[in-house]
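Presented below is the structure to which this report refers.
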Amino acid sequence: MQLPKYQYKTNHGFLDYEFVSEGPNGKIKKVIRYSKLSNRVFNLAFGDLDETTGEISDTAVSNNADSRKVLATVAATVYDFTSQYPGLMVMVKGSTPVRTRLYRMGIANYLHLLTGDFEIYGLQNRRWEAFTRRRDYEAFLIRRKL
Amino acid sequence: MGVIAKNKSKATGKKTGAVIDSKVGNYEKHPFFVKKANAAKEILKNTRLPK
């Protein structure tokens with residue numbers, strides 16, 4: 001799936017990723033981390049790194065007019081992570097309901113491409129179900145098809 | 001030199017879209033990601049994973 005995305009870096013562990021968003025608000029360093037939740041599940045989180053303070057935020061609105069490119073870049077790291085760690089599941093949840101909905105829409109828009117490579121589940125009422133368009137989900141679970 | 005290789009993982013030989021750079025930080029213990037992971041664990045605790 002070739003969408004515009006940023007060049008990104010990772011280290012040998014393939015759990016940490018960095019890239020730089022560029023737009024009207026200048027350069028913003030984005031960092032991504034896959035954190036182990038259990039032997040089967042890792043959590044995907046990402047945010048803006050303030051290189052002066054070392055703080056990371058996922059609630060700031062960057063307004064760099066590149067949200068699709070940012071999401072495409074994050075999605076690319078899911079391919080990398082699941083390629084390096086086959087069999088593991090990735091959990092994703094937005095920092096706000098609005099962002100979770102943004103991720104839902106992104107998944108829905110490319111579902112026909114994603115389902116070739118991934119099993120995708122949405123969480124609703126404490127149950128994981130196969131992702132369906134136009135249903136509201138609280139979080140997502142992704143597993144690479146082997 | 002921080003940049004080791006592009007497009008190939010040294011460890012597994014698998015193709016990657018990333019530039020592999022040993023200078024990329026390890027954020028495992030960063031409070032932001034620790035908080036996110038703990039919140040995610042709470043959600044998972046009350047659910048049953050797909051098989």
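Chains: A, B, ... in order of the structure tokens. Residues: from 1 per chain. Ligands: from 1, in order shown.
Using only C-alpha atoms, we find that the part of chain B lying within 6 Å of chain A comprises Thr16, Ala18, Val19, Ile20, Asp21, Ser22, Val24 and Thr47 of chain B.
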Keeping only C-alpha atoms, write those residues as an mmCIF file, in the first residue's frame.
```cif
data_model
loop_
_atom_site.group_PDB
_atom_site.id
_atom_site.type_symbol
_atom_site.label_atom_id
_atom_site.label_comp_id
_atom_site.auth_asym_id
_atom_site.auth_seq_id
_atom_site.Cartn_x
_atom_site.Cartn_y
_atom_site.Cartn_z
ATOM 1 C CA THR B 16 11.804 -2.758 6.322
ATOM 2 C CA ALA B 18 12.692 2.189 8.103
ATOM 3 C CA VAL B 19 16.155 3.587 8.226
ATOM 4 C CA ILE B 20 17.847 1.672 11.012
ATOM 5 C CA ASP B 21 19.647 4.107 13.251
ATOM 6 C CA SER B 22 21.138 3.148 16.590
ATOM 7 C CA VAL B 24 16.841 6.313 17.795
ATOM 8 C CA THR B 47 -11.720 -8.317 27.520
#
```
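Those residues that approach Leu146 in chain A to within 12 Å, counting only C-alpha atoms, are Thr82, Ser83, Tyr85, Pro86, Gly87, Leu88, Gly116, Asp117, Phe118 and Glu119 of chain A; same-chain residues fewer than 4 positions away are not listed.
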DSSP on the backbone: what in chain A comes out strand (DSSP E), as a CSV table (one decimal) with N, CA and C atoms, in the first residue's frame?
```csv
chain,number,residue,atom,x,y,z
A,8,TYR,N,11.1,7.3,8.1
A,8,TYR,CA,11.1,7.1,9.5
A,8,TYR,C,12.3,6.2,9.9
A,9,LYS,N,12.7,6.3,11.1
A,9,LYS,CA,13.9,5.6,11.6
A,9,LYS,C,13.4,4.7,12.7
A,10,THR,N,14.2,3.6,12.9
A,10,THR,CA,14.0,2.8,14.1
A,10,THR,C,15.4,2.3,14.5
A,16,ASP,N,10.8,1.1,18.8
A,16,ASP,CA,10.8,2.6,18.8
A,16,ASP,C,11.0,3.2,17.4
A,17,TYR,N,10.3,4.2,17.0
A,17,TYR,CA,10.4,4.8,15.7
A,17,TYR,C,10.3,6.3,15.9
A,18,GLU,N,11.0,7.0,15.0
A,18,GLU,CA,11.0,8.4,15.0
A,18,GLU,C,10.8,8.9,13.5
A,19,PHE,N,10.1,10.0,13.4
A,19,PHE,CA,10.1,10.7,12.1
A,19,PHE,C,9.8,12.2,12.4
A,20,VAL,N,9.9,13.0,11.3
A,20,VAL,CA,9.7,14.4,11.5
A,20,VAL,C,8.6,14.9,10.6
A,21,SER,N,7.6,15.5,11.2
A,21,SER,CA,6.5,16.0,10.4
A,21,SER,C,6.9,17.5,10.0
A,22,GLU,N,6.6,17.8,8.8
A,22,GLU,CA,7.0,19.1,8.3
A,22,GLU,C,5.7,19.8,7.7
A,23,GLY,N,5.5,21.0,8.1
A,23,GLY,CA,4.3,21.7,7.5
A,23,GLY,C,4.3,23.2,7.9
A,26,GLY,N,6.1,24.2,11.0
A,26,GLY,CA,7.5,23.9,11.1
A,26,GLY,C,7.7,22.4,11.3
A,27,LYS,N,8.9,22.0,11.9
A,27,LYS,CA,9.2,20.6,12.0
A,27,LYS,C,8.9,20.1,13.4
A,28,ILE,N,8.1,19.0,13.4
A,28,ILE,CA,7.7,18.4,14.7
A,28,ILE,C,8.2,17.0,14.7
A,29,LYS,N,8.9,16.6,15.7
A,29,LYS,CA,9.4,15.3,15.8
A,29,LYS,C,8.4,14.4,16.4
A,30,LYS,N,8.1,13.3,15.7
A,30,LYS,CA,7.1,12.3,16.2
A,30,LYS,C,7.8,11.1,16.7
A,31,VAL,N,7.4,10.5,17.8
A,31,VAL,CA,7.9,9.3,18.3
A,31,VAL,C,6.9,8.3,18.5
A,32,ILE,N,7.2,7.0,18.2
A,32,ILE,CA,6.3,5.9,18.2
A,32,ILE,C,6.9,4.8,19.1
A,33,ARG,N,6.1,4.2,19.9
A,33,ARG,CA,6.6,3.1,20.7
A,33,ARG,C,5.6,2.0,20.8
A,34,TYR,N,6.1,0.8,20.6
A,34,TYR,CA,5.3,-0.4,20.8
A,34,TYR,C,5.7,-1.0,22.2
A,35,SER,N,4.7,-0.9,23.1
A,35,SER,CA,5.0,-1.3,24.5
A,35,SER,C,4.3,-2.6,24.8
A,36,LYS,N,5.1,-3.5,25.4
A,36,LYS,CA,4.6,-4.8,25.7
A,36,LYS,C,3.5,-4.8,26.8
A,41,VAL,N,0.4,-9.2,23.2
A,41,VAL,CA,-0.2,-7.9,22.8
A,41,VAL,C,0.8,-6.8,23.1
A,42,PHE,N,1.0,-5.9,22.1
A,42,PHE,CA,1.8,-4.7,22.3
A,42,PHE,C,0.9,-3.5,22.0
A,43,ASN,N,1.1,-2.4,22.8
A,43,ASN,CA,0.4,-1.2,22.6
A,43,ASN,C,1.1,-0.2,21.7
A,44,LEU,N,0.4,0.3,20.7
A,44,LEU,CA,1.0,1.3,19.8
A,44,LEU,C,0.6,2.6,20.3
A,45,ALA,N,1.6,3.5,20.6
A,45,ALA,CA,1.3,4.9,21.0
A,45,ALA,C,2.3,5.8,20.3
A,46,PHE,N,1.8,7.0,20.1
A,46,PHE,CA,2.8,7.9,19.5
A,46,PHE,C,2.4,9.3,19.8
A,47,GLY,N,3.4,10.2,19.7
A,47,GLY,CA,3.1,11.6,20.1
A,47,GLY,C,4.2,12.5,19.6
A,48,ASP,N,4.0,13.8,19.9
A,48,ASP,CA,5.0,14.8,19.6
A,48,ASP,C,6.0,15.0,20.7
A,49,LEU,N,7.3,14.9,20.3
A,49,LEU,CA,8.4,15.0,21.2
A,49,LEU,C,8.8,16.5,21.3
A,56,ILE,N,6.5,14.2,25.9
A,56,ILE,CA,5.8,13.8,24.7
A,56,ILE,C,4.3,14.0,24.9
A,57,SER,N,3.6,14.5,23.9
A,57,SER,CA,2.2,14.8,24.0
A,57,SER,C,1.5,14.2,22.8
A,89,MET,N,0.1,-9.2,18.6
A,89,MET,CA,-1.0,-8.3,18.2
A,89,MET,C,-0.7,-6.9,18.7
A,90,VAL,N,-1.2,-6.0,17.9
A,90,VAL,CA,-1.0,-4.6,18.2
A,90,VAL,C,-2.3,-3.9,18.6
A,91,MET,N,-2.3,-3.2,19.7
A,91,MET,CA,-3.5,-2.5,20.2
A,91,MET,C,-3.3,-1.0,20.0
A,92,VAL,N,-4.4,-0.4,19.5
A,92,VAL,CA,-4.3,1.0,19.2
A,92,VAL,C,-5.6,1.7,19.8
A,118,PHE,N,-3.8,-8.1,7.3
A,118,PHE,CA,-4.1,-8.1,8.7
A,118,PHE,C,-5.5,-8.6,9.1
A,119,GLU,N,-5.6,-9.1,10.3
A,119,GLU,CA,-6.9,-9.3,10.9
A,119,GLU,C,-7.1,-8.1,11.8
A,120,ILE,N,-8.2,-7.5,11.7
A,120,ILE,CA,-8.5,-6.2,12.4
A,120,ILE,C,-9.7,-6.4,13.2
A,121,TYR,N,-9.6,-6.0,14.5
A,121,TYR,CA,-10.7,-6.1,15.4
A,121,TYR,C,-11.0,-4.8,16.1
A,122,GLY,N,-12.3,-4.6,16.4
A,122,GLY,CA,-12.7,-3.4,17.1
A,122,GLY,C,-13.3,-3.7,18.4
A,123,LEU,N,-13.0,-2.9,19.4
A,123,LEU,CA,-13.6,-3.2,20.8
A,123,LEU,C,-14.9,-2.4,21.0
A,124,GLN,N,-15.9,-3.2,21.4
A,124,GLN,CA,-17.2,-2.5,21.7
A,124,GLN,C,-17.8,-3.3,22.8
A,127,ARG,N,-16.0,-6.4,24.1
A,127,ARG,CA,-15.9,-7.5,23.2
A,127,ARG,C,-15.1,-7.1,22.0
A,128,TRP,N,-14.2,-7.9,21.6
A,128,TRP,CA,-13.5,-7.7,20.3
A,128,TRP,C,-14.2,-8.4,19.2
A,129,GLU,N,-14.5,-7.6,18.2
A,129,GLU,CA,-15.2,-8.2,17.0
A,129,GLU,C,-14.5,-7.8,15.8
A,130,ALA,N,-14.7,-8.6,14.7
A,130,ALA,CA,-14.1,-8.3,13.4
A,130,ALA,C,-14.5,-6.9,13.0
A,140,PHE,N,-8.7,-0.7,18.9
A,140,PHE,CA,-8.5,-1.6,17.8
A,140,PHE,C,-7.4,-2.6,18.1
A,141,LEU,N,-7.5,-3.8,17.5
A,141,LEU,CA,-6.5,-4.8,17.7
A,141,LEU,C,-6.1,-5.3,16.3
A,142,ILE,N,-4.8,-5.4,16.1
A,142,ILE,CA,-4.4,-5.8,14.7
A,142,ILE,C,-3.4,-6.9,14.8
A,143,ARG,N,-3.6,-7.9,13.9
A,143,ARG,CA,-2.7,-9.0,13.9
A,143,ARG,C,-2.3,-9.3,12.4
A,144,ARG,N,-1.1,-9.5,12.2
A,144,ARG,CA,-0.6,-9.7,10.8
A,144,ARG,C,-0.9,-11.2,10.4
```
Could you work out how far CA of Leu113 in chain A lies from CA of Val61 in chain A, giving the answer in Å with one decimal? 28.6 Å
One number please: CA of Lys5 in chain A to CA of Val70 in chain A, in Å, one decimal.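 Result for CA of Lys5 in chain A versus CA of Val70 in chain A: 6.6 Å, one decimal.
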Sel. of alpha helix (DSSP H) residues, chain A, as a PyMOL selection string: chain A and resi 67-84+97-109+111-114
